[in-house]
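K.L.:
Please read through the structure below; I'll follow up with questions.
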Amino acid sequence: MPLPPLIENNDKHWLFKVTEKYSVQHERDLCLLGFFLGTACTTLEINRIQVGDVMLKSGKLNREFVIRGDKSFSGEERKIYLKNEELRQLTNNYIEYRLKKHIGIGNHPDHYLGLDPDEPLFFTNKGSGFGILSKKTEKGSISYSCDALNRHMKNLMRKAGIGEPSILSGRRTFAVMLKRKGYDAAHIHHLLGNKALETTMRLLTSDPVDMGRIAADAF
């Protein structure tokens, strides 16, 4: 099975620039891209994030939270870290946008800046959360998908010229960028939450050689 496209830094900058200029709700979509590329969350996990996961009653952002819903790929709870300043700023920008547009306002104005903590963090243009679909597999288990958010994320990437956009590009990009910065495979594997180390190593050992990036480091 081919690996999802890797989003290099120049493509990432262009993706954010195009989204900011052309998106109907660029505050939301920039925040979505921040979680997509900066947390190793799948789109289904992003779809499950609620206001109360990222925010304290005081309105201050949490610095970490546990993924909601099913256990991670390894069968254990997985923490998501909200410590990157750029991601925190994107999250605050989107929360301010929601407050301005009165999106998902709750019944407790003194808590969570007036937002409902049990509502999804991300809303569609129609003012509701992106839907999650469930279906029974041939083996009798239940599987979940978020087709609407998947289509939306692929569309954002497609508009920025990313060929064959994949909803798994965020996880691959997250892993490879950390490897390039010198972090070891064990810590990256833990952050991804993969069950098998081989799955993580396949992502890390498939880093394409960017001759331009290598040359740029010489000066």
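Just remember, in the structure tokens the first chain shown is A, the second B, etc., residues are 1-based per chain, and ligands are 1-based in the order shown.
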Determine, counting only C-alpha atoms, which protein, DNA and RNA residues have an atom within 9 Å of an atom of segment 177-190 of chain A; residues of the same chain fewer than 4 positions away are not included. Present the result as an NGL selection string.

P.N.:
:A and (8 or 78 or 172-173 or 194-197 or 199-201 or 204 or 207)

K.L.:
Atoms to include: C-alpha atoms. Write the selected residues as a short mmCIF file (atom, residue, chain, number, x, y, z; two decimals), in the first residue's frame.

P.N.:
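Dumped to result38.cif:
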data_model
loop_
_atom_site.label_atom_id
_atom_site.label_comp_id
_atom_site.auth_asym_id
_atom_site.auth_seq_id
_atom_site.Cartn_x
_atom_site.Cartn_y
_atom_site.Cartn_z
CA GLU A 8 7.03 19.52 2.98
CA ARG A 78 -3.11 8.59 24.07
CA ARG A 172 3.18 10.88 8.15
CA THR A 173 4.29 14.52 8.02
CA ASN A 194 0.82 2.89 16.74
CA LYS A 195 0.54 -0.69 18.00
CA ALA A 196 3.38 -2.04 15.88
CA LEU A 197 6.78 -0.34 15.79
CA THR A 199 4.25 0.80 11.22
CA THR A 200 6.09 3.79 12.63
CA MET A 201 9.44 2.73 11.14
CA LEU A 204 10.32 7.16 9.19
CA ASP A 207 11.56 10.05 4.11
#

K.L.:
As a VMD selection string, please: the residues near Ile46 of chain A (cut-off 8 Å, only C-alpha atoms, same-chain neighbours under 2 positions excluded).

P.N.:
chain A and resid 32 35 to 36 41 to 44 48 to 49

K.L.:
Keeping C-alpha atoms, export the residues of the selection given above as a PDB file, in the first residue's frame.

P.N.:
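Okay, selection.pdb is ready:
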ATOM      1  CA  LEU A  32      -8.035  22.169  11.584  1.00  0.00           C
ATOM      2  CA  PHE A  35      -4.327  19.793  14.518  1.00  0.00           C
ATOM      3  CA  PHE A  36      -3.955  17.731  11.326  1.00  0.00           C
ATOM      4  CA  CYS A  41      -4.501  13.011  15.304  1.00  0.00           C
ATOM      5  CA  THR A  42      -6.496  11.134  12.701  1.00  0.00           C
ATOM      6  CA  THR A  43      -9.437  13.005  11.203  1.00  0.00           C
ATOM      7  CA  LEU A  44     -11.778  10.830  13.275  1.00  0.00           C
ATOM      8  CA  ARG A  48     -14.246  13.858  18.387  1.00  0.00           C
ATOM      9  CA  ILE A  49     -12.497  16.770  20.107  1.00  0.00           C
TER      10      ILE A  49
END

K.L.:
Under the rule that only C-alpha atoms are counted, which of A:Ile80, A:Ala40, A:Leu133, A:Ile103 is the nearest residue to Leu192 of chain A?

P.N.:
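Closest to Leu192 of chain A of all the choices is A:Ala40.
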
K.L.:
Got a sec to tell me which of segment 46-98 of chain A DSSP assigns to alpha helix (DSSP H), as a PyMOL selection string?

P.N.:
chain A and resi 46-48+51-54+85-98

K.L.:
With N, CA and C atoms retained, export the selected residues as a PDB file, in the first residue's frame.

P.N.:
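Produced file part_36.pdb, reproduced below:
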ATOM      1  N   ILE A  46      -9.794  14.078  15.464  1.00  0.00           N
ATOM      2  CA  ILE A  46     -10.046  15.522  15.421  1.00  0.00           C
ATOM      3  C   ILE A  46     -11.543  15.798  15.526  1.00  0.00           C
ATOM      4  N   ASN A  47     -12.319  14.984  14.850  1.00  0.00           N
ATOM      5  CA  ASN A  47     -13.765  15.165  14.834  1.00  0.00           C
ATOM      6  C   ASN A  47     -14.381  14.949  16.214  1.00  0.00           C
ATOM      7  N   ARG A  48     -13.711  14.175  17.065  1.00  0.00           N
ATOM      8  CA  ARG A  48     -14.246  13.858  18.387  1.00  0.00           C
ATOM      9  C   ARG A  48     -13.844  14.890  19.443  1.00  0.00           C
ATOM     10  N   VAL A  51     -15.014  21.091  23.025  1.00  0.00           N
ATOM     11  CA  VAL A  51     -14.510  22.340  23.598  1.00  0.00           C
ATOM     12  C   VAL A  51     -13.864  22.093  24.958  1.00  0.00           C
ATOM     13  N   GLY A  52     -14.513  21.268  25.789  1.00  0.00           N
ATOM     14  CA  GLY A  52     -14.006  20.993  27.119  1.00  0.00           C
ATOM     15  C   GLY A  52     -12.706  20.205  27.136  1.00  0.00           C
ATOM     16  N   ASP A  53     -12.326  19.614  26.014  1.00  0.00           N
ATOM     17  CA  ASP A  53     -11.043  18.914  25.939  1.00  0.00           C
ATOM     18  C   ASP A  53      -9.883  19.902  25.849  1.00  0.00           C
ATOM     19  N   VAL A  54     -10.095  20.979  25.125  1.00  0.00           N
ATOM     20  CA  VAL A  54      -8.995  21.909  24.859  1.00  0.00           C
ATOM     21  C   VAL A  54      -9.012  23.125  25.778  1.00  0.00           C
ATOM     22  N   GLU A  85       3.200  26.794  20.418  1.00  0.00           N
ATOM     23  CA  GLU A  85       2.624  28.139  20.490  1.00  0.00           C
ATOM     24  C   GLU A  85       1.825  28.506  19.240  1.00  0.00           C
ATOM     25  N   GLU A  86       2.286  28.047  18.086  1.00  0.00           N
ATOM     26  CA  GLU A  86       1.544  28.341  16.852  1.00  0.00           C
ATOM     27  C   GLU A  86       0.188  27.655  16.873  1.00  0.00           C
ATOM     28  N   LEU A  87       0.161  26.392  17.309  1.00  0.00           N
ATOM     29  CA  LEU A  87      -1.102  25.667  17.384  1.00  0.00           C
ATOM     30  C   LEU A  87      -2.023  26.287  18.429  1.00  0.00           C
ATOM     31  N   ARG A  88      -1.486  26.716  19.543  1.00  0.00           N
ATOM     32  CA  ARG A  88      -2.294  27.375  20.566  1.00  0.00           C
ATOM     33  C   ARG A  88      -2.894  28.672  20.037  1.00  0.00           C
ATOM     34  N   GLN A  89      -2.120  29.422  19.256  1.00  0.00           N
ATOM     35  CA  GLN A  89      -2.629  30.672  18.691  1.00  0.00           C
ATOM     36  C   GLN A  89      -3.743  30.403  17.682  1.00  0.00           C
ATOM     37  N   LEU A  90      -3.565  29.370  16.849  1.00  0.00           N
ATOM     38  CA  LEU A  90      -4.607  29.007  15.885  1.00  0.00           C
ATOM     39  C   LEU A  90      -5.882  28.592  16.605  1.00  0.00           C
ATOM     40  N   THR A  91      -5.730  27.870  17.720  1.00  0.00           N
ATOM     41  CA  THR A  91      -6.889  27.441  18.495  1.00  0.00           C
ATOM     42  C   THR A  91      -7.593  28.640  19.130  1.00  0.00           C
ATOM     43  N   ASN A  92      -6.825  29.545  19.698  1.00  0.00           N
ATOM     44  CA  ASN A  92      -7.425  30.751  20.283  1.00  0.00           C
ATOM     45  C   ASN A  92      -8.131  31.596  19.226  1.00  0.00           C
ATOM     46  N   ASN A  93      -7.523  31.704  18.045  1.00  0.00           N
ATOM     47  CA  ASN A  93      -8.136  32.477  16.960  1.00  0.00           C
ATOM     48  C   ASN A  93      -9.495  31.896  16.574  1.00  0.00           C
ATOM     49  N   TYR A  94      -9.560  30.563  16.515  1.00  0.00           N
ATOM     50  CA  TYR A  94     -10.826  29.927  16.137  1.00  0.00           C
ATOM     51  C   TYR A  94     -11.862  30.078  17.240  1.00  0.00           C
ATOM     52  N   ILE A  95     -11.444  29.964  18.485  1.00  0.00           N
ATOM     53  CA  ILE A  95     -12.376  30.148  19.599  1.00  0.00           C
ATOM     54  C   ILE A  95     -12.930  31.572  19.598  1.00  0.00           C
ATOM     55  N   GLU A  96     -12.072  32.550  19.344  1.00  0.00           N
ATOM     56  CA  GLU A  96     -12.535  33.934  19.253  1.00  0.00           C
ATOM     57  C   GLU A  96     -13.528  34.107  18.106  1.00  0.00           C
ATOM     58  N   TYR A  97     -13.285  33.424  17.005  1.00  0.00           N
ATOM     59  CA  TYR A  97     -14.209  33.477  15.868  1.00  0.00           C
ATOM     60  C   TYR A  97     -15.560  32.878  16.260  1.00  0.00           C
ATOM     61  N   ARG A  98     -15.545  31.733  16.947  1.00  0.00           N
ATOM     62  CA  ARG A  98     -16.790  31.107  17.380  1.00  0.00           C
ATOM     63  C   ARG A  98     -17.566  32.014  18.317  1.00  0.00           C
TER      64      ARG A  98
END

K.L.:
In Å to one decimal, how far is atom CA of Asn62 of chain A from atom CA of Glu77 of chain A?

P.N.:
17.3 Å
